[in-house]
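Student: Can you read through this structure? Questions will come right after.
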Amino acid sequence: MGSSGSKLEKALGDQFPEGERYFGLENFGNTCYCNSVLQALYFCVPFRDQLLDHASRTKVSGDADDNLLTCLSELFTQINSQKKKTGVIAPKRFIQRVKKQNELFRSYMHQDAHEFLNFLLNELVDILEREATASSKPTSGQVHPDKLANGTANGTANGNHHHSVVTWVHKIFQGTLTNETRCLRCETITARDETFLDLSLDIEQNSSITSCLRNFSSTETLNAEDKFFCDKCCSLQEAQKRMKIKSPPRILALHLKRFKYIEQLGRYKKLSYRVVFPLELKLCNTTDDAPGSEAEYSLFAVVVHVGSGPNHGHYVSLVKSHNHWLFFDDENVEIIDESVVQTFFGSTQEYSNNTDHGYILFYESLEQKH
Ligand SMILES: [Zn+2]
């Protein structure tokens, strides 16, 4: 292990980024789903900065209430403050906390990295919201005015506003979708907004992220049993529905739905489809009036699922840091060439020797970089 660390240092030589640390994470029995997501998040710079900041603040105030947020910020601080530039760290306290918190992750069975990412982000949001509510008087600027309206503003029809506190997790990952439904009788458009922290995309063989996003936003006709209740017509009508991105997030996390339930088999199957994900992505499915409707993104991390089935396998991650691509496989960290990224697109044949497929993609907005 020590030798692989120095190998990485040798490979980078003078180009080893100042102040950066590349540490592998020890596996505690099928915890690669967690390690791969943690590496992607550690190299999500705005996310890392917030956690390091949180750790330094709780250290000062001394009230380190043990929760997932404190455990994660401690882990990131531990990596960031290592004397050595490379090596291995055991994320033991963090894993214990995850298992304590969620029985789903308690077993040694293979877990889903996307479920874990979802759980983690939502858990952090809950903790930050609780902290904000506890520490701020109702007049504090941190609380959204909606909160003060006591249900009058947000208690109405489409009031899906659970998040009256905007946390830094929202500021980094949250985007807004708008769901437009056009009544085919009266042409009235009903728009409903919903927020997301990541997007799950259906995939097709021999496709690309751009085509998956286009399908995500394609027009769907509601008819027959599935008609739409139009408020203007006061009745069920045929309608056309489509979902577009109204405000693109700073960090766009895309989950490829590679695990599909096959009814005939009575179980999930992994789709090894080739889905090309570009290093630079231009969003094609934003609303015309969206701020930065030509939103441009750059790929900085990929969580890869290795294996042919959903119930076994392995997770690794690819990370871009200071213009170098790195490969993280639990304890091991290697430098890779940028061209290697395309070997994780998937395969055009159903059975292939290459079972390493991009599963969660992390893109960073080029406009909101600083
Ligand atoms: Zn109508």
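The way I read the labels, and the way they are meant: chains A, B, ... in the order of the structure tokens, residue 1 as the first residue of every chain, and ligand 1 as the first ligand shown, with later ones counted on from there.
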Taking only C-alpha atoms and all ligand atoms and a cut-off of 9 Å, can you tell me which residues surround ligand 1, written as a ChimeraX atom specification?
Tutor: /A:182-189,228-239
Student: Using C-alpha atoms, can you export the residues from the last selection as an mmCIF file, in the first residue's frame?
Tutor:
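Saved to again-v8.cif:
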data_model
loop_
_atom_site.group_PDB
_atom_site.id
_atom_site.type_symbol
_atom_site.label_atom_id
_atom_site.label_comp_id
_atom_site.auth_asym_id
_atom_site.auth_seq_id
_atom_site.Cartn_x
_atom_site.Cartn_y
_atom_site.Cartn_z
ATOM 1 C CA ARG A 182 -50.893 21.858 -21.994
ATOM 2 C CA CYS A 183 -54.583 21.086 -22.162
ATOM 3 C CA LEU A 184 -55.321 20.041 -25.740
ATOM 4 C CA ARG A 185 -58.852 21.482 -25.587
ATOM 5 C CA CYS A 186 -58.253 24.995 -24.245
ATOM 6 C CA GLU A 187 -54.456 25.224 -24.758
ATOM 7 C CA THR A 188 -53.957 26.435 -21.204
ATOM 8 C CA ILE A 189 -50.519 25.604 -19.859
ATOM 9 C CA PHE A 228 -55.350 15.464 -17.148
ATOM 10 C CA PHE A 229 -57.774 17.462 -15.006
ATOM 11 C CA CYS A 230 -57.796 20.927 -16.541
ATOM 12 C CA ASP A 231 -58.810 23.630 -14.071
ATOM 13 C CA LYS A 232 -60.068 25.854 -16.844
ATOM 14 C CA CYS A 233 -62.205 23.221 -18.569
ATOM 15 C CA CYS A 234 -63.164 21.807 -15.144
ATOM 16 C CA SER A 235 -62.903 18.302 -16.552
ATOM 17 C CA LEU A 236 -60.532 15.553 -17.585
ATOM 18 C CA GLN A 237 -58.926 16.384 -20.915
ATOM 19 C CA GLU A 238 -56.237 15.071 -23.199
ATOM 20 C CA ALA A 239 -53.042 16.957 -22.596
#
Student: Using the chain letters and numbers from this document, which residues of region 5-242 of chain A does DSSP assign to strand (DSSP E), as a CSV table (one decimal) with N, CA and C atoms, in the first residue's frame?
Tutor:
chain,number,residue,atom,x,y,z
A,22,TYR,N,-4.2,12.8,-2.0
A,22,TYR,CA,-4.9,11.7,-2.7
A,22,TYR,C,-4.8,10.5,-1.9
A,23,PHE,N,-5.9,10.2,-1.1
A,23,PHE,CA,-6.0,9.1,-0.2
A,23,PHE,C,-7.0,8.0,-0.6
A,24,GLY,N,-6.6,6.8,-0.6
A,24,GLY,CA,-7.5,5.7,-0.8
A,24,GLY,C,-8.3,5.5,0.5
A,25,LEU,N,-9.5,4.8,0.4
A,25,LEU,CA,-10.3,4.6,1.5
A,25,LEU,C,-10.4,3.1,1.8
A,86,THR,N,-0.1,11.1,-0.1
A,86,THR,CA,-0.9,10.0,-0.5
A,86,THR,C,-0.9,8.9,0.6
A,87,GLY,N,-1.8,8.0,0.5
A,87,GLY,CA,-1.9,6.9,1.5
A,87,GLY,C,-3.3,6.4,1.6
A,88,VAL,N,-3.6,5.8,2.7
A,88,VAL,CA,-4.9,5.1,2.9
A,88,VAL,C,-5.5,5.6,4.2
A,89,ILE,N,-6.8,5.9,4.2
A,89,ILE,CA,-7.5,6.3,5.4
A,89,ILE,C,-8.7,5.3,5.6
A,175,GLY,N,-31.4,21.9,-8.4
A,175,GLY,CA,-31.9,22.6,-9.6
A,175,GLY,C,-33.4,22.5,-9.5
A,176,THR,N,-34.0,23.2,-10.4
A,176,THR,CA,-35.5,23.2,-10.5
A,176,THR,C,-36.0,22.7,-11.9
A,177,LEU,N,-36.9,21.8,-11.8
A,177,LEU,CA,-37.6,21.3,-13.0
A,177,LEU,C,-38.9,22.0,-13.1
A,178,THR,N,-39.4,22.2,-14.3
A,178,THR,CA,-40.7,22.7,-14.5
A,178,THR,C,-41.5,21.7,-15.3
A,179,ASN,N,-42.6,21.3,-14.8
A,179,ASN,CA,-43.5,20.3,-15.4
A,179,ASN,C,-44.6,21.1,-16.1
A,180,GLU,N,-44.6,21.2,-17.4
A,180,GLU,CA,-45.6,21.9,-18.2
A,180,GLU,C,-46.6,21.0,-18.7
A,181,THR,N,-47.9,21.3,-18.4
A,181,THR,CA,-49.0,20.5,-19.0
A,181,THR,C,-49.9,21.4,-19.8
A,182,ARG,N,-50.0,21.0,-21.1
A,182,ARG,CA,-50.9,21.9,-22.0
A,182,ARG,C,-52.2,21.1,-22.3
A,183,CYS,N,-53.3,21.7,-21.9
A,183,CYS,CA,-54.6,21.1,-22.2
A,183,CYS,C,-54.8,21.2,-23.7
A,189,ILE,N,-51.7,26.3,-20.4
A,189,ILE,CA,-50.5,25.6,-19.9
A,189,ILE,C,-50.5,25.7,-18.3
A,190,THR,N,-50.4,24.6,-17.7
A,190,THR,CA,-50.3,24.6,-16.2
A,190,THR,C,-48.8,24.2,-15.9
A,191,ALA,N,-48.1,25.0,-15.2
A,191,ALA,CA,-46.7,24.7,-14.9
A,191,ALA,C,-46.6,24.5,-13.4
A,192,ARG,N,-45.8,23.4,-13.1
A,192,ARG,CA,-45.6,23.1,-11.7
A,192,ARG,C,-44.1,22.9,-11.6
A,193,ASP,N,-43.5,23.5,-10.6
A,193,ASP,CA,-42.1,23.4,-10.4
A,193,ASP,C,-41.8,22.3,-9.3
A,194,GLU,N,-40.7,21.6,-9.5
A,194,GLU,CA,-40.2,20.8,-8.5
A,194,GLU,C,-38.7,20.8,-8.4
A,195,THR,N,-38.1,20.6,-7.3
A,195,THR,CA,-36.7,20.7,-7.1
A,195,THR,C,-36.1,19.3,-7.1
A,196,PHE,N,-34.8,19.3,-7.5
A,196,PHE,CA,-34.1,18.0,-7.4
A,196,PHE,C,-32.7,18.2,-7.0
A,199,LEU,N,-30.6,13.9,-11.0
A,199,LEU,CA,-31.6,13.5,-12.0
A,199,LEU,C,-31.3,12.0,-12.3
A,200,SER,N,-32.3,11.2,-12.3
A,200,SER,CA,-32.2,9.8,-12.8
A,200,SER,C,-32.7,9.7,-14.2
A,201,LEU,N,-31.8,9.2,-15.1
A,201,LEU,CA,-32.2,9.1,-16.5
A,201,LEU,C,-32.3,7.7,-17.0
A,207,SER,N,-26.4,5.2,-27.0
A,207,SER,CA,-27.0,6.6,-26.9
A,207,SER,C,-25.9,7.5,-26.2
A,208,SER,N,-26.4,8.7,-25.9
A,208,SER,CA,-25.5,9.6,-25.2
A,208,SER,C,-26.3,10.3,-24.1
A,220,GLU,N,-45.0,14.1,-23.7
A,220,GLU,CA,-45.7,12.9,-23.4
A,220,GLU,C,-47.2,13.3,-23.5
A,221,THR,N,-48.0,12.4,-24.2
A,221,THR,CA,-49.4,12.7,-24.3
A,221,THR,C,-50.2,12.0,-23.3
A,222,LEU,N,-51.0,12.7,-22.6
A,222,LEU,CA,-51.9,12.1,-21.5
A,222,LEU,C,-53.2,11.9,-22.2
A,228,PHE,N,-55.8,14.4,-18.1
A,228,PHE,CA,-55.3,15.5,-17.1
A,228,PHE,C,-56.6,16.3,-16.7
A,229,PHE,N,-56.7,16.6,-15.4
A,229,PHE,CA,-57.8,17.5,-15.0
A,229,PHE,C,-57.4,18.9,-15.2
A,230,CYS,N,-58.1,19.5,-16.2
A,230,CYS,CA,-57.8,20.9,-16.5
A,230,CYS,C,-58.7,21.8,-15.7
A,235,SER,N,-62.6,19.7,-16.2
A,235,SER,CA,-62.9,18.3,-16.6
A,235,SER,C,-61.6,17.6,-17.0
A,236,LEU,N,-61.7,16.3,-17.1
A,236,LEU,CA,-60.5,15.6,-17.6
A,236,LEU,C,-60.4,15.8,-19.1
A,237,GLN,N,-59.2,16.1,-19.5
A,237,GLN,CA,-58.9,16.4,-20.9
A,237,GLN,C,-57.6,15.7,-21.4
A,239,ALA,N,-54.0,15.9,-22.8
A,239,ALA,CA,-53.0,17.0,-22.6
A,239,ALA,C,-51.7,16.5,-23.0
A,240,GLN,N,-50.8,17.5,-23.2
A,240,GLN,CA,-49.4,17.1,-23.5
A,240,GLN,C,-48.5,17.7,-22.3
A,241,LYS,N,-47.6,16.8,-21.9
A,241,LYS,CA,-46.8,17.1,-20.7
A,241,LYS,C,-45.3,17.1,-21.1
A,242,ARG,N,-44.6,18.0,-20.5
A,242,ARG,CA,-43.1,17.8,-20.7
A,242,ARG,C,-42.4,18.5,-19.5
Student: Near Pro17 (chain A), counting only C-alpha atoms, which residues have an atom at most 12 Å away, once you skip same-chain residues fewer than 6 positions from it, shown as a compact mmCIF listing (two decimals) with N, CA and C atoms, in the first residue's frame?
Tutor:
# COMPACT_ATOMS: atom_id res chain seq x y z
N GLU A 9 2.87 9.42 -6.32
CA GLU A 9 3.66 10.66 -6.17
C GLU A 9 4.72 10.76 -7.25
N LYS A 85 1.25 13.08 1.28
CA LYS A 85 0.39 13.48 0.15
C LYS A 85 -0.52 12.36 -0.31
N THR A 86 -0.09 11.12 -0.09
CA THR A 86 -0.88 9.97 -0.53
C THR A 86 -0.88 8.92 0.57
N SER A 321 -8.92 16.07 -10.91
CA SER A 321 -8.42 17.00 -9.90
C SER A 321 -7.25 17.75 -10.51
N HIS A 322 -7.33 19.06 -10.51
CA HIS A 322 -6.25 19.89 -11.07
C HIS A 322 -5.80 19.39 -12.45
N ASN A 323 -6.76 19.12 -13.31
CA ASN A 323 -6.50 18.67 -14.68
C ASN A 323 -5.88 17.30 -14.85
N HIS A 324 -5.80 16.53 -13.76
CA HIS A 324 -5.37 15.13 -13.87
C HIS A 324 -6.56 14.25 -13.58
Student: Which of these, A:Leu8, A:Leu283, A:Glu123, A:Phe300, has the shortest distance to Val45 (chain A) once you count only C-alpha atoms?
Tutor: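 For Val45 (chain A), the nearest of the candidates is A:Phe300.
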Student: Ile251 (chain A): which residues within 12 Å, counting only C-alpha atoms, same-chain residues fewer than 3 positions away excluded, as a VMD selection string?
Tutor: chain A and resid 40 to 41 43 to 47 168 to 175 196 to 199 247 to 248 254 295 to 301 361 to 369
Student: Mind giving me the straight-line distance from CA of Phe344 (chain A) to CA of His357 (chain A) in Å, one decimal?
Tutor: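 Rounded to one decimal, the two atoms are 4.7 Å apart.
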Student: Go through A:Ile203, A:Ile209, A:Tyr261, A:Thr31 and flag the residue nearest Glu280 (chain A), using only C-alpha atoms for the distances.
Tutor: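 Once distances to Glu280 (chain A) are computed over only C-alpha atoms, the minimum belongs to A:Ile209.
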Student: Taking 4 positions as the minimum chain separation for residues in the same chain, which residues sit within 9 Å of Asn80 (chain A) when counting only C-alpha atoms? Answer as a list in words.
Tutor: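 Contacts, in chain order: Gly19, Glu20, Arg21, Tyr22, Leu52, Leu75 and Phe76 of chain A.
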Student: Report the distance between CA of Ala11 (chain A) and CA of Asp337 (chain A) in Å, rounded to one decimal place.
Tutor: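 Going from CA of Ala11 (chain A) over to CA of Asp337 (chain A) covers 11.7 Å.
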Student: Determine the nearest neighbour of Gly313 (chain A) from the options A:Ser136, A:Asn30, A:Ser6, A:Asn223, counting only C-alpha atoms.
Tutor: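 Checking each of A:Ser136, A:Asn30, A:Ser6, A:Asn223 against Gly313 (chain A), counting only C-alpha atoms, the winner is A:Asn30.
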Student: Env of Asn354 (chain A): 12 Å cut, atoms = only C-alpha atoms, seq-sep filter 5 positions within chain, self excluded. Answer as a PyMOL selection string.
Tutor: chain A and resi 272-274+304-308+342-349
Student: How would the residues just chosen look if you wrote them out with C-alpha atoms as a PDB file, in the first residue's frame?
Tutor:
ATOM      1  CA  SER A 272     -24.558  -2.611 -19.853  1.00  0.00           C
ATOM      2  CA  TYR A 273     -25.651  -0.227 -22.651  1.00  0.00           C
ATOM      3  CA  ARG A 274     -23.121   2.082 -24.169  1.00  0.00           C
ATOM      4  CA  VAL A 304     -18.456   3.353 -11.888  1.00  0.00           C
ATOM      5  CA  HIS A 305     -20.303   0.091 -11.285  1.00  0.00           C
ATOM      6  CA  VAL A 306     -18.147  -2.952 -12.006  1.00  0.00           C
ATOM      7  CA  GLY A 307     -19.831  -6.296 -12.600  1.00  0.00           C
ATOM      8  CA  SER A 308     -22.545  -7.921 -14.616  1.00  0.00           C
ATOM      9  CA  GLN A 342     -14.252   6.575 -22.479  1.00  0.00           C
ATOM     10  CA  THR A 343     -13.667   2.920 -21.601  1.00  0.00           C
ATOM     11  CA  PHE A 344     -16.437   3.355 -19.010  1.00  0.00           C
ATOM     12  CA  PHE A 345     -19.187   4.288 -21.474  1.00  0.00           C
ATOM     13  CA  GLY A 346     -20.581   0.739 -21.663  1.00  0.00           C
ATOM     14  CA  SER A 347     -20.737  -1.888 -24.349  1.00  0.00           C
ATOM     15  CA  THR A 348     -22.602  -2.291 -27.598  1.00  0.00           C
ATOM     16  CA  GLN A 349     -22.975  -6.034 -27.045  1.00  0.00           C
TER      17      GLN A 349
END
Student: Give the answer as one residue: which of A:Met243, A:Ile262, A:Leu121, A:Val165 has the shortest atom-to-atom distance to Ala134 (chain A), using only C-alpha atoms?
Tutor: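 Among the listed residues, the smallest separation from Ala134 (chain A) belongs to A:Val165.
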